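For reference, the structure is listed below as structure tokens.
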Amino acid sequence: LRPGESTSFEIVFLPRHLGFVEDTLTIHSSFGAYEYKVMGTGISNPFRLRPLKGARIPINATYSPSISMYNPYNTTLQILEVYSSGGYLHLELPNGLPEGNETIWEIRPFETKQIAK
């Protein structure tokens with residue numbers, strides 16, 4: 001940034017457990033490090049999605065966990081998009097095909113359905 005300029009950015013909170021979480025965000029700059037206290041509260045996920053964490057995968061191995069989602073509503077839930085923010089993760093449709101129609105991501109009321117792998 002030039003002198004006197006400012007910027008903004010988003011912080012994404014991805015809690016690993018329920019309840020209060022507190023930590024420190026450190027921003028490193030050419031003038032030193034700045035610390036900011038951040039906090040949030042982890043709440044239960046109504047869609048029953050679980051983080052993919054703790055897997056130990058050998059080099060050149062494939063890990064294909066099923067990603068399922070629950071529909072807590074009394075009407076059909078239509079998923080519009082599923083994506084990864086990391087370049088190291090490749091997502092596939094549940095049927096393994098390169099393309100699918102809308103029904104592949106329709107989840108009936110109170111149903112759990114595989115949405116990706």
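Naming works like this for the structure tokens: A, B, ... for the chains as they're shown, residue 1 at the start of each chain, ligands 1 onward in shown order.
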Handout entry: Selection: 12 Å around A:Leu89, only C-alpha atoms, excl. self and same-chain fewer than 6 positions, as a PyMOL selection string
Key = chain A and resi 52+62-65+83+116-117
Would you save the residues from that selection as an mmCIF file, in the first residue's frame, using C-alpha atoms?
```cif
data_model
loop_
_atom_site.group_PDB
_atom_site.id
_atom_site.type_symbol
_atom_site.label_atom_id
_atom_site.label_comp_id
_atom_site.auth_asym_id
_atom_site.auth_seq_id
_atom_site.Cartn_x
_atom_site.Cartn_y
_atom_site.Cartn_z
ATOM 1 C CA LEU A 52 -12.263 -33.114 5.929
ATOM 2 C CA THR A 62 -6.047 -41.311 -3.962
ATOM 3 C CA TYR A 63 -8.358 -40.295 -1.133
ATOM 4 C CA SER A 64 -12.034 -40.102 -2.082
ATOM 5 C CA PRO A 65 -14.190 -39.496 0.968
ATOM 6 C CA TYR A 83 -16.235 -25.867 -5.125
ATOM 7 C CA ALA A 116 -19.481 -34.969 -4.071
ATOM 8 C CA LYS A 117 -16.449 -37.168 -3.611
#
```
Exercise for the section: Mind checking which residues fall within 10 Å of A:Ile104, counting only C-alpha atoms, ignoring those fewer than 2 positions away in the same chain, and posting them as JSON, numbers by chain? Expected result: {"A": [78, 79, 93, 94, 95, 99, 100, 101, 102, 106, 107, 113, 114, 115, 116]}
Write out, as a PDB file, in the first residue's frame, the residues just selected, with N, CA and C atoms.
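Output (result.pdb):
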```pdb
ATOM      1  N   GLN A  78     -32.112 -27.421  -3.511  1.00  0.00           N
ATOM      2  CA  GLN A  78     -31.337 -27.528  -4.760  1.00  0.00           C
ATOM      3  C   GLN A  78     -29.969 -26.923  -4.541  1.00  0.00           C
ATOM      4  N   ILE A  79     -28.924 -27.728  -4.609  1.00  0.00           N
ATOM      5  CA  ILE A  79     -27.559 -27.212  -4.517  1.00  0.00           C
ATOM      6  C   ILE A  79     -27.190 -26.644  -5.877  1.00  0.00           C
ATOM      7  N   LEU A  93     -18.432 -35.337  -9.122  1.00  0.00           N
ATOM      8  CA  LEU A  93     -19.838 -35.606  -8.892  1.00  0.00           C
ATOM      9  C   LEU A  93     -19.982 -36.975  -8.238  1.00  0.00           C
ATOM     10  N   PRO A  94     -21.044 -37.214  -7.502  1.00  0.00           N
ATOM     11  CA  PRO A  94     -21.195 -38.491  -6.809  1.00  0.00           C
ATOM     12  C   PRO A  94     -21.179 -39.707  -7.736  1.00  0.00           C
ATOM     13  N   ASN A  95     -21.655 -39.533  -8.976  1.00  0.00           N
ATOM     14  CA  ASN A  95     -21.686 -40.662  -9.912  1.00  0.00           C
ATOM     15  C   ASN A  95     -20.375 -40.827 -10.682  1.00  0.00           C
ATOM     16  N   GLU A  99     -20.234 -34.607 -16.013  1.00  0.00           N
ATOM     17  CA  GLU A  99     -21.376 -33.689 -16.014  1.00  0.00           C
ATOM     18  C   GLU A  99     -22.594 -34.393 -15.454  1.00  0.00           C
ATOM     19  N   GLY A 100     -23.544 -33.594 -14.997  1.00  0.00           N
ATOM     20  CA  GLY A 100     -24.790 -34.153 -14.490  1.00  0.00           C
ATOM     21  C   GLY A 100     -25.905 -33.142 -14.633  1.00  0.00           C
ATOM     22  N   ASN A 101     -27.139 -33.592 -14.501  1.00  0.00           N
ATOM     23  CA  ASN A 101     -28.269 -32.662 -14.570  1.00  0.00           C
ATOM     24  C   ASN A 101     -28.592 -32.157 -13.159  1.00  0.00           C
ATOM     25  N   GLU A 102     -29.575 -31.269 -13.065  1.00  0.00           N
ATOM     26  CA  GLU A 102     -29.909 -30.630 -11.788  1.00  0.00           C
ATOM     27  C   GLU A 102     -30.323 -31.630 -10.716  1.00  0.00           C
ATOM     28  N   GLU A 106     -30.378 -32.408  -6.111  1.00  0.00           N
ATOM     29  CA  GLU A 106     -31.632 -32.153  -5.419  1.00  0.00           C
ATOM     30  C   GLU A 106     -31.692 -33.050  -4.198  1.00  0.00           C
ATOM     31  N   ILE A 107     -31.949 -32.450  -3.055  1.00  0.00           N
ATOM     32  CA  ILE A 107     -32.046 -33.226  -1.819  1.00  0.00           C
ATOM     33  C   ILE A 107     -33.466 -33.072  -1.287  1.00  0.00           C
ATOM     34  N   LYS A 113     -27.907 -36.928   1.387  1.00  0.00           N
ATOM     35  CA  LYS A 113     -27.523 -37.382   0.058  1.00  0.00           C
ATOM     36  C   LYS A 113     -26.070 -37.047  -0.219  1.00  0.00           C
ATOM     37  N   GLN A 114     -25.375 -37.954  -0.891  1.00  0.00           N
ATOM     38  CA  GLN A 114     -24.002 -37.697  -1.303  1.00  0.00           C
ATOM     39  C   GLN A 114     -24.022 -36.625  -2.388  1.00  0.00           C
ATOM     40  N   ILE A 115     -23.182 -35.583  -2.219  1.00  0.00           N
ATOM     41  CA  ILE A 115     -23.158 -34.486  -3.197  1.00  0.00           C
ATOM     42  C   ILE A 115     -21.832 -34.390  -3.942  1.00  0.00           C
ATOM     43  N   ALA A 116     -20.799 -35.015  -3.412  1.00  0.00           N
ATOM     44  CA  ALA A 116     -19.481 -34.969  -4.071  1.00  0.00           C
ATOM     45  C   ALA A 116     -18.607 -36.040  -3.475  1.00  0.00           C
TER      46      ALA A 116
END
```
Handout entry: DSSP strand (DSSP E or B) residues within chain A, as a PyMOL selection string
Key = chain A and resi 19-29+32-42+67-70+77-78+106-107+112-116
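Taking only C-alpha atoms into account, A:Tyr36 lies nearest to A:Ile11 out of the set A:Ile11, A:Leu1, A:Ala61, A:Leu77.
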